[in-house]
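One structure below.
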Amino acid sequence: MGNGVPPQRQSPESDRLAERMEAASDAEKASILVDHYAAATAGPPSAWTDEFVARVEEFGLSVLQIRRAATDLAWLARKNGQGYLDETDRARILAATNTRTARLCLVYIHGQRLRFDFKFAQLHRLCIGWLAEFDDDALVLSFAAFSALGTRASNAPGLFRRAVDAPDADDKSNQVLLTGINFADHLPEQPQMMLDLSDEMMARGQENAIVYYRRASAYRKLGRFADGLHEIDRAIDALGPGDVLVHEQFTQERRSIILAQDLQNQMERNTQAIADSIAAQVDERIAAASAELEQRLDEASLRLAQRVDAAQEMVSSGLLKMVEILGLFVALVGFIAGSGAVVIKSQGLQERALSMLLVVGGALVFFTLLRLVTTVGRRRVRAER
């Protein structure tokens, strides 16, 4: 990082800070700056941001150290109700040192303040300009992804992936992403995205109470309540004393997991009870339908048997009638033949008249018998129908 012009050390406090920074290891420098400016976060931004930017340049802090110090101080500023940086603050600071490091410090401080207050739309507008200069910075990419996820922008998944894959990604940038995913309920893959990122953070040693808390939320949304309870208990165990609001937030998540588990169990019991009731009703209706069908089949079989018997009787009766009629015809033929012979052998007119009368009388008797046989047959058929 390029160094600006070191500020003039005009107080013993400034001298002590310089001495502490010179004696500190790289891992301690960010914490020392946070301790030094913590009290100033209770005032206006100008109470600490100007000097903080100058000190960052003076002591040559790395990008990762700047992120850590800027993030922690921005969090303290939020807790103390400090306002956001405005254009006046930005112009004043850049008038003293307009370097890339100074501009990056301002982006980190302003971005984290907006992120902590979930100002998605405002942060989204600012990220357009920030990405024009710092498109290779993981934390700036995380701000862009965070705001895009919160505003449900179409490019949110792409920005998220870029921030995760950034070479300089660290725990601060990943925490921003993890929080952003928590608000991306519109993405079906949201819970799995939270688990994947938290797995990667844990593999890099970036796990903490917040990571466990986010994992618990993801497991709750996936319906894996046992895993969710395990993670939220880890989060509560890892939480230090004094963080009352965060502790309440964690215990609320635990209650939500238990409530969701109870609701699912109740739904399963209700579903099973409904399924059993429906199955019993279906079985009852099937049994009733089977009985009714069996009864109808029996009735149909009985009617069919009756009709078969009637048909057989009709056939037998028809055959009998045919035999009777045939017998009548044979008798008629014999009668006519005999009568004809008698007529032929008759000698006188009187004998022939009697013979003819006999033939006519026999024919009338035959037709009377034939009509009687056919009429009785038709009446019997109608009665059977």
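Residue numbering restarts at 1 in every chain; chains get A, B, ... in the order shown in the structure tokens, and ligands count up from 1 in that same order.
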
Margin query: So that I can check the surroundings of Thr49 (chain A), please list as number ranges by chain every protein, DNA and RNA residue that reaches within 12 Å of it, counting only C-alpha atoms and ignoring chain neighbours fewer than 2 positions away.
Written below: A: 33-34, 37-38, 40-41, 43-47, 51-56, 69-70, 73-74, 77, 82, 84-86, 89-90, 92-94, 102-103, 105-110

Write the residues of the preceding selection, restricted to C-alpha atoms, as a PDB file, in the first residue's frame.
```pdb
ATOM      1  CA  LEU A  33      -6.181   0.826  16.393  1.00  0.00           C
ATOM      2  CA  VAL A  34      -9.696  -0.314  17.334  1.00  0.00           C
ATOM      3  CA  TYR A  37     -10.454   4.922  18.487  1.00  0.00           C
ATOM      4  CA  ALA A  38     -13.264   3.001  20.213  1.00  0.00           C
ATOM      5  CA  ALA A  40     -14.348   8.312  19.562  1.00  0.00           C
ATOM      6  CA  THR A  41     -17.056   6.278  17.815  1.00  0.00           C
ATOM      7  CA  GLY A  43     -19.139  11.171  18.589  1.00  0.00           C
ATOM      8  CA  PRO A  44     -19.476  12.297  14.966  1.00  0.00           C
ATOM      9  CA  PRO A  45     -17.556  10.467  12.208  1.00  0.00           C
ATOM     10  CA  SER A  46     -15.029  13.286  12.084  1.00  0.00           C
ATOM     11  CA  ALA A  47     -13.961  12.416  15.630  1.00  0.00           C
ATOM     12  CA  GLU A  51      -7.020  10.379  11.998  1.00  0.00           C
ATOM     13  CA  PHE A  52      -7.777   6.696  11.433  1.00  0.00           C
ATOM     14  CA  VAL A  53      -7.163   7.013   7.695  1.00  0.00           C
ATOM     15  CA  ALA A  54      -3.935   8.937   8.335  1.00  0.00           C
ATOM     16  CA  ARG A  55      -2.706   6.360  10.833  1.00  0.00           C
ATOM     17  CA  VAL A  56      -3.483   3.484   8.467  1.00  0.00           C
ATOM     18  CA  ALA A  69      -9.996  -2.425  12.026  1.00  0.00           C
ATOM     19  CA  ALA A  70     -12.555  -0.646   9.819  1.00  0.00           C
ATOM     20  CA  LEU A  73     -14.868   0.409  14.413  1.00  0.00           C
ATOM     21  CA  ALA A  74     -17.904   0.592  12.108  1.00  0.00           C
ATOM     22  CA  ALA A  77     -20.108   3.333  15.585  1.00  0.00           C
ATOM     23  CA  GLN A  82     -23.054   7.374  15.063  1.00  0.00           C
ATOM     24  CA  TYR A  84     -22.945   7.694   8.275  1.00  0.00           C
ATOM     25  CA  LEU A  85     -20.084   9.327   6.431  1.00  0.00           C
ATOM     26  CA  ASP A  86     -21.339  12.056   4.105  1.00  0.00           C
ATOM     27  CA  ASP A  89     -16.494  13.922   5.503  1.00  0.00           C
ATOM     28  CA  ARG A  90     -15.257  12.239   2.367  1.00  0.00           C
ATOM     29  CA  ARG A  92     -12.310  16.581   3.941  1.00  0.00           C
ATOM     30  CA  ILE A  93     -10.421  13.330   4.345  1.00  0.00           C
ATOM     31  CA  LEU A  94      -9.451  13.042   0.674  1.00  0.00           C
ATOM     32  CA  ALA A 102      -7.487   6.391   1.869  1.00  0.00           C
ATOM     33  CA  ARG A 103     -10.333   5.843  -0.573  1.00  0.00           C
ATOM     34  CA  CYS A 105     -10.632   2.961   4.019  1.00  0.00           C
ATOM     35  CA  LEU A 106     -13.620   5.201   3.390  1.00  0.00           C
ATOM     36  CA  VAL A 107     -15.321   2.489   1.320  1.00  0.00           C
ATOM     37  CA  TYR A 108     -14.752  -0.081   4.064  1.00  0.00           C
ATOM     38  CA  ILE A 109     -16.063   2.162   6.848  1.00  0.00           C
ATOM     39  CA  HIS A 110     -19.084   3.427   4.906  1.00  0.00           C
TER      40      HIS A 110
END
```

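Taking only C-alpha atoms, the non-local environment of region 244-252 of chain A within 12 Å (same-chain residues fewer than 5 positions away omitted) comprises Lys79, Ala209, Ile210, Val211, Tyr212, Tyr213, Arg214, Arg215, Ala216, Ser217, Gly228, Leu229, Glu231, Ile232, Asp233, Arg234, Ala235, Ile236, Asp237, Ala238, Leu239, Ile257, Ile258 and Leu259 of chain A.
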
Next item on the list: Would you list, as an MDAnalysis selection string, the residues of region 77-207 of chain A that end up in helix (DSSP H, G or I) under DSSP run on this structure's backbone?
Entry: chainID A and resid 77:79 87:96 100:116 120:134 138:150 156:165 171:182 190:203

Checklist line | Interatomic distance, CA of Asp137 (chain A) to CA of Pro167 (chain A) (Å, one decimal) | finding: 8.7 Å

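Closest approach to Asp262 (chain A) among A:Leu369, A:Phe225, A:Gly240, A:Val140: A:Phe225, based on only C-alpha atoms.
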
Note to self: Quick check, in Å to one decimal: how far apart do CA of Ala39 (chain A) and CA of Asp72 (chain A) lie?
What the structure shows: 12.4 Å
